[in-house]
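*Asks:* Take a look at structure-v1.cif, mmCIF, C-alpha atoms and all ligand atoms:
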```cif
data_final
#
loop_
_atom_site.label_atom_id
_atom_site.label_comp_id
_atom_site.auth_asym_id
_atom_site.auth_seq_id
_atom_site.Cartn_x
_atom_site.Cartn_y
_atom_site.Cartn_z
CA MET A 1 -32.43 2.60 -16.83
CA PRO A 2 -30.30 5.04 -18.85
CA GLU A 3 -26.58 4.28 -18.89
CA LYS A 4 -26.02 7.61 -17.18
CA ALA A 5 -27.57 6.43 -13.89
CA MET A 6 -26.87 2.72 -14.19
CA TRP A 7 -25.84 2.41 -10.52
CA ALA A 8 -28.63 4.55 -9.02
CA ASP A 9 -30.15 1.52 -7.25
CA VAL A 10 -26.95 0.65 -5.42
CA SER A 11 -27.45 1.58 -1.78
CA VAL A 12 -24.82 -0.62 -0.10
CA VAL A 13 -21.31 -0.48 -1.56
CA GLY A 14 -18.81 -3.20 -0.68
CA ILE A 15 -15.13 -2.32 -0.53
CA PRO A 16 -12.49 -5.08 -0.39
CA ARG A 17 -10.03 -4.45 2.46
CA SER A 18 -7.10 -5.18 0.20
CA LEU A 19 -4.73 -3.68 -2.41
CA LEU A 20 -5.28 0.05 -2.85
CA TYR A 21 -7.83 0.21 -0.04
CA TYR A 22 -4.75 0.64 2.16
CA ARG A 23 -3.78 3.74 0.17
CA TYR A 24 -7.10 5.28 -0.83
CA GLY A 25 -9.58 3.66 1.56
CA VAL A 26 -10.39 6.93 3.34
CA LEU A 27 -11.12 8.66 0.03
CA TRP A 28 -13.30 5.79 -1.17
CA THR A 29 -15.35 5.35 1.99
CA THR A 30 -15.82 9.11 2.49
CA PHE A 31 -16.87 9.50 -1.13
CA PHE A 32 -19.60 6.86 -1.07
CA THR A 33 -20.79 7.93 2.36
CA ALA A 34 -21.05 11.54 1.15
CA LEU A 35 -23.25 10.24 -1.69
CA GLY A 36 -25.59 8.77 0.91
CA ARG A 37 -24.49 5.16 0.45
CA GLN A 38 -23.84 2.62 3.17
CA VAL A 39 -20.30 1.27 2.93
CA VAL A 40 -19.35 -2.27 3.94
CA VAL A 41 -15.62 -2.95 4.14
CA SER A 42 -14.63 -6.61 4.10
CA GLU A 43 -13.18 -8.05 7.31
CA PRO A 44 -9.41 -8.10 7.85
CA THR A 45 -7.65 -10.87 5.93
CA ASP A 46 -7.72 -14.27 7.60
CA LYS A 47 -6.85 -17.77 6.46
CA ALA A 48 -10.32 -18.37 4.99
CA ILE A 49 -10.15 -15.22 2.87
CA ALA A 50 -6.59 -15.96 1.75
CA ASP A 51 -7.44 -19.59 0.89
CA ARG A 52 -10.55 -18.56 -1.02
CA GLY A 53 -8.53 -15.97 -2.98
CA GLU A 54 -5.92 -18.58 -3.80
CA HIS A 55 -8.63 -20.94 -5.03
CA LEU A 56 -10.19 -18.24 -7.25
CA SER A 57 -6.91 -17.08 -8.82
CA VAL A 58 -4.49 -18.49 -11.34
CA ASP A 59 -1.13 -19.60 -9.96
CA GLU A 60 0.79 -16.79 -11.66
CA CYS A 61 -1.00 -14.06 -9.69
CA CYS A 62 0.87 -12.41 -6.84
CA LEU A 63 -0.19 -13.16 -3.27
CA ALA A 64 -1.65 -9.67 -2.83
CA SER A 65 -3.97 -9.97 -5.82
CA LYS A 66 -5.02 -13.48 -4.76
CA VAL A 67 -5.94 -12.16 -1.32
CA PHE A 68 -7.92 -9.39 -3.05
CA MET A 69 -10.14 -11.96 -4.76
CA GLY A 70 -10.85 -13.58 -1.40
CA HIS A 71 -12.02 -10.19 -0.11
CA VAL A 72 -14.31 -9.64 -3.10
CA ASP A 73 -15.76 -13.10 -2.57
CA SER A 74 -16.43 -12.34 1.11
CA LEU A 75 -18.55 -9.31 0.10
CA ILE A 76 -20.98 -11.23 -2.10
CA ASP A 77 -24.46 -11.08 -0.52
CA ARG A 78 -23.30 -8.36 1.88
CA CYS A 79 -23.74 -5.44 -0.54
CA ASP A 80 -25.48 -4.35 -3.75
CA ALA A 81 -22.21 -3.78 -5.62
CA VAL A 82 -18.49 -4.09 -5.00
CA PHE A 83 -16.22 -1.16 -5.76
CA VAL A 84 -13.22 -2.24 -7.85
CA PRO A 85 -11.56 0.77 -9.47
CA SER A 86 -8.97 0.54 -12.21
CA TYR A 87 -5.69 2.42 -11.88
CA PRO A 88 -3.95 2.06 -15.22
CA THR A 89 -0.54 3.39 -16.09
CA ALA A 90 -1.76 6.64 -17.56
CA GLU A 91 1.61 8.34 -17.60
CA HIS A 92 5.16 7.21 -17.27
CA ARG A 93 6.58 7.36 -13.70
CA THR A 94 3.15 7.71 -12.06
CA GLY A 95 1.63 4.35 -12.91
CA PHE A 96 0.81 1.20 -11.03
CA CYS A 97 1.60 -2.39 -11.74
CA THR A 98 -0.61 -3.91 -14.43
CA LYS A 99 -2.70 -5.73 -11.79
CA PHE A 100 -4.34 -2.43 -10.90
CA GLN A 101 -5.38 -1.83 -14.48
CA SER A 102 -6.87 -5.28 -14.99
CA VAL A 103 -8.35 -5.94 -11.56
CA THR A 104 -11.83 -4.65 -12.50
CA ASP A 105 -12.12 -7.01 -15.48
CA ILE A 106 -10.62 -9.89 -13.51
CA ALA A 107 -13.16 -9.41 -10.70
CA LYS A 108 -16.09 -9.22 -13.14
CA ASN A 109 -14.89 -12.31 -14.95
CA THR A 110 -14.10 -14.31 -11.82
CA PHE A 111 -17.55 -13.71 -10.35
CA ARG A 112 -19.61 -13.67 -13.55
CA ASP A 113 -21.64 -16.72 -12.49
CA GLN A 114 -22.62 -14.96 -9.26
CA HIS A 115 -23.71 -11.93 -11.36
CA LEU A 116 -21.60 -9.69 -9.15
CA GLU A 117 -22.36 -6.02 -9.71
CA VAL A 118 -19.09 -4.09 -9.91
CA ILE A 119 -18.91 -0.32 -9.57
CA SER A 120 -15.78 1.09 -11.08
CA CYS A 121 -13.99 4.10 -12.44
CA GLU A 122 -10.74 4.45 -14.32
CA VAL A 123 -8.34 6.82 -12.62
CA GLY A 124 -5.69 8.61 -14.66
CA ASN A 125 -2.56 10.17 -13.23
CA VAL A 126 -2.93 9.90 -9.45
CA ARG A 127 -0.56 12.82 -8.95
CA LYS A 128 -2.97 15.19 -10.73
CA VAL A 129 -6.11 15.98 -8.72
CA ARG A 130 -8.23 16.62 -11.82
CA ASP A 131 -7.31 13.18 -13.21
CA VAL A 132 -8.68 11.60 -10.04
CA ARG A 133 -11.66 13.92 -9.62
CA ARG A 134 -13.10 13.44 -13.11
CA PRO A 135 -13.60 9.64 -12.99
CA PHE A 136 -14.96 9.76 -9.44
CA GLU A 137 -17.46 12.47 -10.35
CA GLU A 138 -18.54 10.56 -13.46
CA MET A 139 -19.04 7.47 -11.32
CA ALA A 140 -21.17 9.49 -8.88
CA ILE A 141 -23.36 10.70 -11.74
CA ARG A 142 -23.85 7.08 -12.78
CA MET A 143 -25.01 6.50 -9.22
CA GLY A 144 -27.67 9.15 -9.73
CA ALA A 145 -25.93 12.15 -8.15
CA SER A 146 -26.13 15.63 -9.62
CA ARG A 147 -22.90 17.22 -10.84
CA LYS A 148 -22.88 19.45 -7.77
CA GLU A 149 -23.36 16.51 -5.39
CA ALA A 150 -20.64 14.56 -7.18
CA HIS A 151 -18.25 17.48 -6.91
CA SER A 152 -18.85 18.07 -3.22
CA ALA A 153 -18.57 14.33 -2.41
CA PHE A 154 -15.19 14.19 -4.12
CA LYS A 155 -14.02 17.37 -2.43
CA ALA A 156 -14.85 15.96 1.01
CA ALA A 157 -13.28 12.60 0.17
CA PHE A 158 -10.07 14.07 -1.20
CA ALA A 159 -9.67 16.35 1.83
CA ALA A 160 -10.28 13.42 4.23
CA GLN A 161 -7.63 11.28 2.51
CA ALA A 162 -5.12 14.15 2.52
CA ALA A 163 -5.72 14.75 6.24
CA HIS A 164 -5.32 11.02 6.95
CA ASP A 165 -2.08 10.85 4.95
CA LYS A 166 -0.72 13.84 6.82
CA VAL A 167 -1.44 12.25 10.21
CA LEU A 168 0.47 9.14 9.12
CA ALA A 169 3.37 11.13 7.65
CA ASP A 170 3.65 13.23 10.82
CA ALA A 171 3.73 10.05 12.91
CA GLN A 172 6.69 8.74 10.88
CA GLU A 173 8.53 12.04 11.37
CA ARG A 174 7.95 11.80 15.12
CA THR A 175 9.33 8.27 15.23
CA LEU A 176 12.38 9.35 13.23
CA ARG A 177 13.02 12.16 15.72
CA GLN A 178 12.76 9.68 18.61
CA ILE A 179 15.24 7.36 16.92
CA VAL A 180 17.75 10.18 16.48
CA ALA A 181 17.19 11.44 20.04
CA LYS A 182 17.85 7.99 21.56
CA ARG A 183 21.04 7.61 19.56
CA ARG A 184 22.28 11.03 20.65
CA ALA A 185 21.45 10.31 24.29
CA ALA A 186 23.44 7.08 24.12
CA GLN A 187 26.46 8.94 22.76
CA THR A 188 26.71 10.97 25.95
CA ASN A 189 25.49 8.27 28.32
CA PRO A 190 26.97 4.80 27.69
CA ASN A 191 24.28 3.24 29.90
CA ALA A 192 21.42 4.63 27.81
CA ASP A 193 19.70 2.38 25.25
CA PRO A 194 20.62 3.68 21.79
CA GLY A 195 17.38 2.22 20.43
CA LEU A 196 17.05 0.66 17.03
CA GLY A 197 15.28 2.32 14.11
CA ILE A 198 13.96 0.05 11.38
CA LEU A 199 12.42 1.24 8.13
CA VAL A 200 9.81 -1.23 6.85
CA VAL A 201 9.55 -0.96 3.07
CA ALA A 202 6.58 -2.61 1.37
CA HIS A 203 3.44 -1.80 -0.53
CA PRO A 204 0.84 -0.57 1.99
CA TYR A 205 -1.44 -3.56 1.36
CA ILE A 206 1.43 -5.78 2.48
CA THR A 207 2.71 -3.74 5.42
CA HIS A 208 -0.66 -2.99 6.98
CA ASP A 209 -2.41 -6.29 6.34
CA ALA A 210 -1.75 -8.09 9.62
CA TYR A 211 -2.29 -11.50 8.03
CA LEU A 212 0.55 -10.84 5.58
CA SER A 213 3.06 -8.84 7.61
CA GLY A 214 1.85 -9.02 11.19
CA ALA A 215 4.49 -11.59 12.11
CA VAL A 216 7.26 -9.26 10.90
CA LEU A 217 5.90 -6.23 12.74
CA ASP A 218 5.23 -8.24 15.91
CA ALA A 219 8.77 -9.61 15.87
CA LEU A 220 10.21 -6.11 15.45
CA ALA A 221 8.04 -4.80 18.29
CA ASP A 222 9.04 -7.73 20.53
CA MET A 223 12.69 -6.93 19.85
CA GLY A 224 12.15 -3.30 20.91
CA ALA A 225 12.69 -1.72 17.50
CA ASP A 226 11.21 1.66 16.57
CA VAL A 227 9.49 1.10 13.25
CA VAL A 228 9.06 3.68 10.51
CA PHE A 229 6.78 2.85 7.59
CA ALA A 230 8.18 3.86 4.20
CA ASP A 231 4.73 3.86 2.60
CA ALA A 232 3.52 6.50 5.06
CA ILE A 233 6.36 8.99 4.59
CA ASP A 234 5.07 12.13 2.85
CA HIS A 235 4.20 10.80 -0.62
CA ASP A 236 5.03 13.93 -2.58
CA HIS A 237 8.36 14.44 -0.87
CA ALA A 238 9.35 10.79 -1.30
CA TYR A 239 8.22 10.73 -4.93
CA LYS A 240 10.41 13.72 -5.81
CA LYS A 241 13.38 12.25 -3.92
CA SER A 242 13.10 9.01 -5.90
CA PHE A 243 14.46 10.70 -9.00
CA GLU A 244 17.90 10.63 -7.36
CA PHE A 245 17.61 6.86 -7.63
CA SER A 246 16.01 6.51 -11.06
CA ASP A 247 14.69 8.81 -13.71
CA THR A 248 12.80 6.07 -15.51
CA MET A 249 11.14 3.85 -12.91
CA PRO A 250 7.46 3.60 -13.94
CA TRP A 251 5.66 2.62 -10.70
CA VAL A 252 4.55 5.39 -8.38
CA ILE A 253 4.40 3.36 -5.14
CA ASN A 254 7.84 1.84 -5.71
CA ARG A 255 9.09 5.36 -6.41
CA GLU A 256 7.69 6.60 -3.10
CA LEU A 257 9.16 3.65 -1.21
CA ILE A 258 12.61 4.24 -2.65
CA GLY A 259 12.31 7.99 -2.05
CA ALA A 260 11.40 7.22 1.57
CA ILE A 261 14.57 5.13 1.95
CA LEU A 262 16.68 7.99 0.63
CA LEU A 263 14.96 10.49 2.95
CA THR A 264 15.46 8.39 6.08
CA GLU A 265 18.57 6.27 5.57
CA ASP A 266 20.81 8.48 7.70
CA LYS A 267 18.42 8.20 10.65
CA ILE A 268 17.56 4.51 10.69
CA ASP A 269 19.71 1.49 11.58
CA GLY A 270 18.35 -1.07 9.15
CA ILE A 271 15.81 -1.73 6.42
CA VAL A 272 13.30 -4.56 6.11
CA LEU A 273 11.99 -5.05 2.58
CA ILE A 274 8.83 -7.17 2.35
CA SER A 275 7.43 -8.40 -0.95
CA ALA A 276 4.56 -10.62 -1.98
CA PHE A 277 5.53 -13.50 -4.23
CA PRO A 278 5.81 -13.11 -7.22
CA CYS A 279 5.74 -9.31 -7.40
CA GLY A 280 7.07 -8.06 -10.74
CA PRO A 281 7.91 -4.47 -9.72
CA ASP A 282 9.51 -5.52 -6.41
CA SER A 283 11.61 -8.19 -8.10
CA MET A 284 13.33 -5.38 -9.99
CA THR A 285 13.38 -2.69 -7.35
CA ASP A 286 14.41 -4.85 -4.36
CA ASP A 287 17.53 -5.94 -6.17
CA ALA A 288 18.32 -2.38 -7.27
CA ILE A 289 17.78 -1.06 -3.73
CA MET A 290 20.19 -3.60 -2.27
CA ARG A 291 22.87 -2.57 -4.75
CA TYR A 292 22.26 1.16 -4.40
CA ILE A 293 21.94 1.55 -0.63
CA GLN A 294 25.40 1.19 0.83
CA GLY A 295 26.33 0.83 4.49
CA LYS A 296 22.79 0.11 5.71
CA PRO A 297 21.87 -3.49 6.52
CA ILE A 298 18.86 -4.76 4.58
CA LEU A 299 16.69 -7.80 5.28
CA ASN A 300 14.70 -8.91 2.23
CA LEU A 301 11.62 -11.02 3.02
CA MET A 302 9.38 -12.68 0.46
CA ILE A 303 5.92 -13.79 1.57
CA ASP A 304 4.04 -16.40 -0.41
CA ALA A 305 0.82 -18.32 -0.02
CA GLN A 306 2.52 -21.62 0.75
CA SER A 307 5.03 -20.62 3.38
CA GLY A 308 3.14 -17.61 4.74
CA THR A 309 5.20 -16.06 7.49
CA ALA A 310 6.79 -19.29 8.71
CA GLY A 311 10.39 -18.65 9.68
CA VAL A 312 9.94 -14.89 9.46
CA GLU A 313 10.25 -14.32 13.20
CA THR A 314 13.59 -16.12 13.28
CA ARG A 315 14.97 -14.11 10.40
CA VAL A 316 13.80 -10.82 11.91
CA GLU A 317 15.23 -11.73 15.32
CA SER A 318 18.59 -12.65 13.78
CA PHE A 319 18.64 -9.41 11.80
CA VAL A 320 17.90 -7.32 14.89
CA ASP A 321 20.51 -9.24 16.92
CA ILE A 322 23.13 -8.52 14.28
CA LEU A 323 22.22 -4.81 14.22
CA ARG A 324 22.48 -4.58 18.01
CA PHE A 325 25.80 -6.41 17.94
CA GLN A 326 27.03 -3.93 15.35
CA GLN A 327 25.84 -1.00 17.49
CA LYS A 328 28.11 -2.29 20.24
CA GLY A 329 31.05 -2.34 17.83
CA GLY A 330 30.77 -6.08 17.27
CA TYR A 331 32.07 -5.98 13.74
CA THR A 332 35.04 -4.11 12.40
CA HIS A 333 35.44 -3.31 8.77
CA GLY A 334 38.89 -3.37 7.28
S1 LIG B 1 2.89 -4.37 -7.25
FE1 LIG B 1 3.47 -6.50 -6.84
S2 LIG B 1 2.33 -7.09 -4.99
FE2 LIG B 1 1.36 -5.26 -5.87
S3 LIG B 1 -0.29 -6.02 -7.16
FE3 LIG B 1 1.53 -5.69 -8.47
S4 LIG B 1 2.59 -7.70 -8.52
FE4 LIG B 1 1.13 -7.72 -6.80
#
```
If you took the structure in this file and wrote it as structure tokens, what would it be?
*Replies:*
Amino acid sequence: MPEKAMWADVSVVGIPRSLLYYRYGVLWTTFFTALGRQVVVSEPTDKAIADRGEHLSVDECCLASKVFMGHVDSLIDRCDAVFVPSYPTAEHRTGFCTKFQSVTDIAKNTFRDQHLEVISCEVGNVRKVRDVRRPFEEMAIRMGASRKEAHSAFKAAFAAQAAHDKVLADAQERTLRQIVAKRRAAQTNPNADPGLGILVVAHPYITHDAYLSGAVLDALADMGADVVFADAIDHDHAYKKSFEFSDTMPWVINRELIGAILLTEDKIDGIVLISAFPCGPDSMTDDAIMRYIQGKPILNLMIDAQSGTAGVETRVESFVDILRFQQKGGYTHG
């Protein structure tokens, strides 16, 4: 088969429910579906997937990338090929951590004995549509699509992802308005609940993977907090805002998370930072955030494969108790 259509026989595409699936999953699934492929997304992370990923990875890998390998493993025999794109750091300030560049090669190498077929493309600057469109269209042509079919599949996929992102961003804005409204109501009515607005700051594949962060979100919900997700705040707006924090930070998601903090800090009561051990970018940015953000309580949680979420509920409950105590004027600052 000519190189040009090397993936023409792939009719079922497996997508790991992990890492950038939580950011671009709508684009990916819409794209392959528009090309007439059946898409199989791996099941939500559970202990078996996490344990398998841990077993397949070297110790130095972060928890998120270990979990990813467990998802790839779970797709073997369920599809003709697994989609593992590469997102290298094409340009300064719009890149990803190096894991996203190397993940395609790591997956191929890890599963070489199983002869895993990997479909991939190398995406350039994710903030430039043409840099995303070109590799996806080239991949479609390798799957046997015409240039026109490739173009229209990408167009549909990109529009679907944009619509999805807007729904999420609008939901965060609504929650922020509710938080402000409750606080205002309590100022005029001492018996009214002032509410408690918490901004959860983490990479989307941490925040929205219930196995990794479910305990944190459940604890916040049980304590009656209104939660805003930093990763879902309008990406473009947050990205631009991040330059007030740093002109040089290289990672686009960390930029958006920090921009989201700056956009919302006057409306929320506290911040929960969640990181996967040992995350290189977060180890730098978490520390910088805690120094830079003044007057807003921050809880910094690290999740690793050994401890999982043990003890997380207690820490979240204590944090929320302290915030509520503060709301009632419990602490005075001299
Ligand atoms: S940004 Fe951190 S958590 Fe995400 S893949 Fe890189 S090291 Fe892992």
*Asks:* Compile a residue-level contact table for stretch 147-186 of chain A against stretch 253-267 of chain A at a cut-off of 8 Å, reporting for every qualifying residue the shortest atom pair and its distance in Å to one decimal, with only C-alpha atoms counted, rows ordered by chain and ascending number, as CSV.
*Replies:*
```
residue,atom,partner,partner_atom,distance
A:Leu176,CA,A:Lys267,CA,6.7
A:Ile179,CA,A:Lys267,CA,7.1
A:Val180,CA,A:Lys267,CA,6.2
```
*Asks:* Using the selection just defined, write its residues with C-alpha atoms as an mmCIF file, keeping the file's coordinate frame.
*Replies:*
```
data_model
loop_
_atom_site.group_PDB
_atom_site.id
_atom_site.type_symbol
_atom_site.label_atom_id
_atom_site.label_comp_id
_atom_site.auth_asym_id
_atom_site.auth_seq_id
_atom_site.Cartn_x
_atom_site.Cartn_y
_atom_site.Cartn_z
ATOM 1 C CA LEU A 176 12.380 9.350 13.230
ATOM 2 C CA ILE A 179 15.240 7.360 16.920
ATOM 3 C CA VAL A 180 17.750 10.180 16.480
#
```
*Asks:* Tell me, counting only C-alpha atoms and all ligand atoms, for each residue of chain A within 6 Å of ligand LIG 1 (chain B), which pair of atoms is nearest and how far apart they are in Å to one decimal, in rows ordered by chain and increasing number, as CSV.
*Replies:*
```
residue,atom,partner,partner_atom,distance
A:Cys62,CA,B:LIG1,FE4,4.7
A:Ala64,CA,B:LIG1,S2,5.2
A:Ser65,CA,B:LIG1,S3,5.6
A:Cys97,CA,B:LIG1,FE3,4.6
A:Lys99,CA,B:LIG1,S3,5.2
A:Ala276,CA,B:LIG1,S2,5.1
A:Cys279,CA,B:LIG1,FE1,3.7
A:Gly280,CA,B:LIG1,S4,5.0
A:Pro281,CA,B:LIG1,S1,5.6
```
*Asks:* Please measure the separation of atom CA of A:Asp170 and atom CA of A:Asp231, giving the value in Å to one decimal.
*Replies:* 12.5 Å
*Asks:* Please determine, counting all atoms listed in the file, which residue among A:Gln114, A:Arg93, A:Phe100, A:Ala305 has the shortest atom-to-atom distance to A:Tyr211.
*Replies:*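 Checking each candidate against A:Tyr211, we get A:Ala305 as the closest.
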*Asks:* Could you check the closest approach to A:Gly295 for each of A:His203, A:Leu323, A:Phe154, A:Ala107 and tell me which residue wins, using all atoms listed in the file?
*Replies:* A:Leu323
*Asks:* Identify, on the basis of all atoms listed in the file, every residue whose closest approach to A:Leu56 does not exceed 8 Å; exclude the query and any residue fewer than 2 positions from it along the same chain; express the result as a list in words.
*Replies:*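 That gives Arg52, Gly53, Glu54, Val58, Lys66, Met69, Gly70 and Thr110 of chain A.
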*Asks:* By how many Å are atom CA of A:Asp282 and atom CA of A:Glu313 apart?
*Replies:*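 Answer for the atom CA of A:Asp282 to atom CA of A:Glu313 separation: 21.5 Å.
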*Asks:* Name all residues at most 12 Å from A:Lys148 (count all atoms listed in the file; drop same-chain ones fewer than 6 positions away) and give them as a list in words.
*Replies:*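 So, after excluding close chain neighbours, the residues are Leu35, Glu137, Glu138, Ala140, Ile141, Phe154 and Lys155 of chain A.
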*Asks:* So which one's closest to A:Lys47, A:Ala230, A:Val316, A:Val67, A:Ala5? Using all atoms listed in the file, please.
*Replies:*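 For A:Lys47, the nearest of the candidates is A:Val67.
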*Asks:* Please determine, counting all atoms listed in the file, which residue among A:Ile268, A:Val72, A:Cys121, A:Leu168 has the shortest atom-to-atom distance to A:Trp28.
*Replies:*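 Of all the options, A:Cys121 lies closest to A:Trp28.
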*Asks:* Counting all atoms listed in the file, what is within 9 Å of A:Met302, bar same-chain residues fewer than 4 positions away, as a VMD selection string?
*Replies:* chain A and resid 273 to 278 309
*Asks:* Would you mind listing what lies within 12 Å of A:Ala81 as a ChimeraX atom specification, with only C-alpha atoms counted and same-chain residues fewer than 3 positions away left out?
*Replies:* /A:6-16,32,37-41,72-73,75-78,84,107-108,111,114-120,143
*Asks:* Could the residues in this selection be written to a file with C-alpha atoms, as a PDB file, keeping the file's coordinate frame?
*Replies:*
```pdb
ATOM      1  CA  MET A   6     -26.870   2.720 -14.190  1.00  0.00           C
ATOM      2  CA  TRP A   7     -25.840   2.410 -10.520  1.00  0.00           C
ATOM      3  CA  ALA A   8     -28.630   4.550  -9.020  1.00  0.00           C
ATOM      4  CA  ASP A   9     -30.150   1.520  -7.250  1.00  0.00           C
ATOM      5  CA  VAL A  10     -26.950   0.650  -5.420  1.00  0.00           C
ATOM      6  CA  SER A  11     -27.450   1.580  -1.780  1.00  0.00           C
ATOM      7  CA  VAL A  12     -24.820  -0.620  -0.100  1.00  0.00           C
ATOM      8  CA  VAL A  13     -21.310  -0.480  -1.560  1.00  0.00           C
ATOM      9  CA  GLY A  14     -18.810  -3.200  -0.680  1.00  0.00           C
ATOM     10  CA  ILE A  15     -15.130  -2.320  -0.530  1.00  0.00           C
ATOM     11  CA  PRO A  16     -12.490  -5.080  -0.390  1.00  0.00           C
ATOM     12  CA  PHE A  32     -19.600   6.860  -1.070  1.00  0.00           C
ATOM     13  CA  ARG A  37     -24.490   5.160   0.450  1.00  0.00           C
ATOM     14  CA  GLN A  38     -23.840   2.620   3.170  1.00  0.00           C
ATOM     15  CA  VAL A  39     -20.300   1.270   2.930  1.00  0.00           C
ATOM     16  CA  VAL A  40     -19.350  -2.270   3.940  1.00  0.00           C
ATOM     17  CA  VAL A  41     -15.620  -2.950   4.140  1.00  0.00           C
ATOM     18  CA  VAL A  72     -14.310  -9.640  -3.100  1.00  0.00           C
ATOM     19  CA  ASP A  73     -15.760 -13.100  -2.570  1.00  0.00           C
ATOM     20  CA  LEU A  75     -18.550  -9.310   0.100  1.00  0.00           C
ATOM     21  CA  ILE A  76     -20.980 -11.230  -2.100  1.00  0.00           C
ATOM     22  CA  ASP A  77     -24.460 -11.080  -0.520  1.00  0.00           C
ATOM     23  CA  ARG A  78     -23.300  -8.360   1.880  1.00  0.00           C
ATOM     24  CA  VAL A  84     -13.220  -2.240  -7.850  1.00  0.00           C
ATOM     25  CA  ALA A 107     -13.160  -9.410 -10.700  1.00  0.00           C
ATOM     26  CA  LYS A 108     -16.090  -9.220 -13.140  1.00  0.00           C
ATOM     27  CA  PHE A 111     -17.550 -13.710 -10.350  1.00  0.00           C
ATOM     28  CA  GLN A 114     -22.620 -14.960  -9.260  1.00  0.00           C
ATOM     29  CA  HIS A 115     -23.710 -11.930 -11.360  1.00  0.00           C
ATOM     30  CA  LEU A 116     -21.600  -9.690  -9.150  1.00  0.00           C
ATOM     31  CA  GLU A 117     -22.360  -6.020  -9.710  1.00  0.00           C
ATOM     32  CA  VAL A 118     -19.090  -4.090  -9.910  1.00  0.00           C
ATOM     33  CA  ILE A 119     -18.910  -0.320  -9.570  1.00  0.00           C
ATOM     34  CA  SER A 120     -15.780   1.090 -11.080  1.00  0.00           C
ATOM     35  CA  MET A 143     -25.010   6.500  -9.220  1.00  0.00           C
TER      36      MET A 143
END
```
*Asks:* Please provide the set of residues having any atom within 12 Å of A:Ser152, restricted to only C-alpha atoms, with same-chain residues fewer than 4 positions apart removed, written as a ChimeraX atom specification.
*Replies:* /A:30-35,133,136-137,140,145-148,156-159
*Asks:* Write out as CSV a residue-level contact list of stretch 122-179 of chain A versus stretch 232-237 of chain A with cut-off 10 Å: for each qualifying residue the closest pair of atoms and the distance in Å to one decimal, counting all atoms listed in the file, rows sorted by chain and residue number upward.
*Replies:*
```
residue,atom,partner,partner_atom,distance
A:Arg127,CA,A:Asp236,CA,8.5
A:Asp165,CA,A:Ala232,CA,7.1
A:Lys166,CA,A:Asp234,CA,7.2
A:Val167,CA,A:Ala232,CA,9.2
A:Leu168,CA,A:Ala232,CA,5.7
A:Ala169,CA,A:Ile233,CA,4.8
A:Asp170,CA,A:Ile233,CA,8.0
A:Ala171,CA,A:Ala232,CA,8.6
A:Gln172,CA,A:Ile233,CA,6.3
A:Glu173,CA,A:Ile233,CA,7.7
```
*Asks:* So how far away is atom CA of A:Leu199 from atom CA of A:Tyr292, in Å?
*Replies:* 15.9 Å
*Asks:* With all atoms listed in the file as the basis for distance, which of A:Ala153, A:Val227, A:Val272, A:Met290 is at the shortest distance from A:Gly36?
*Replies:* A:Ala153
*Asks:* May I ask which of the residues A:Gly270, A:Ala225, A:Gln326, A:Tyr24 is the closest one to A:Ala163, counting all atoms listed in the file?
*Replies:*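 Using all atoms listed in the file, A:Ala163 sits closest to A:Tyr24.
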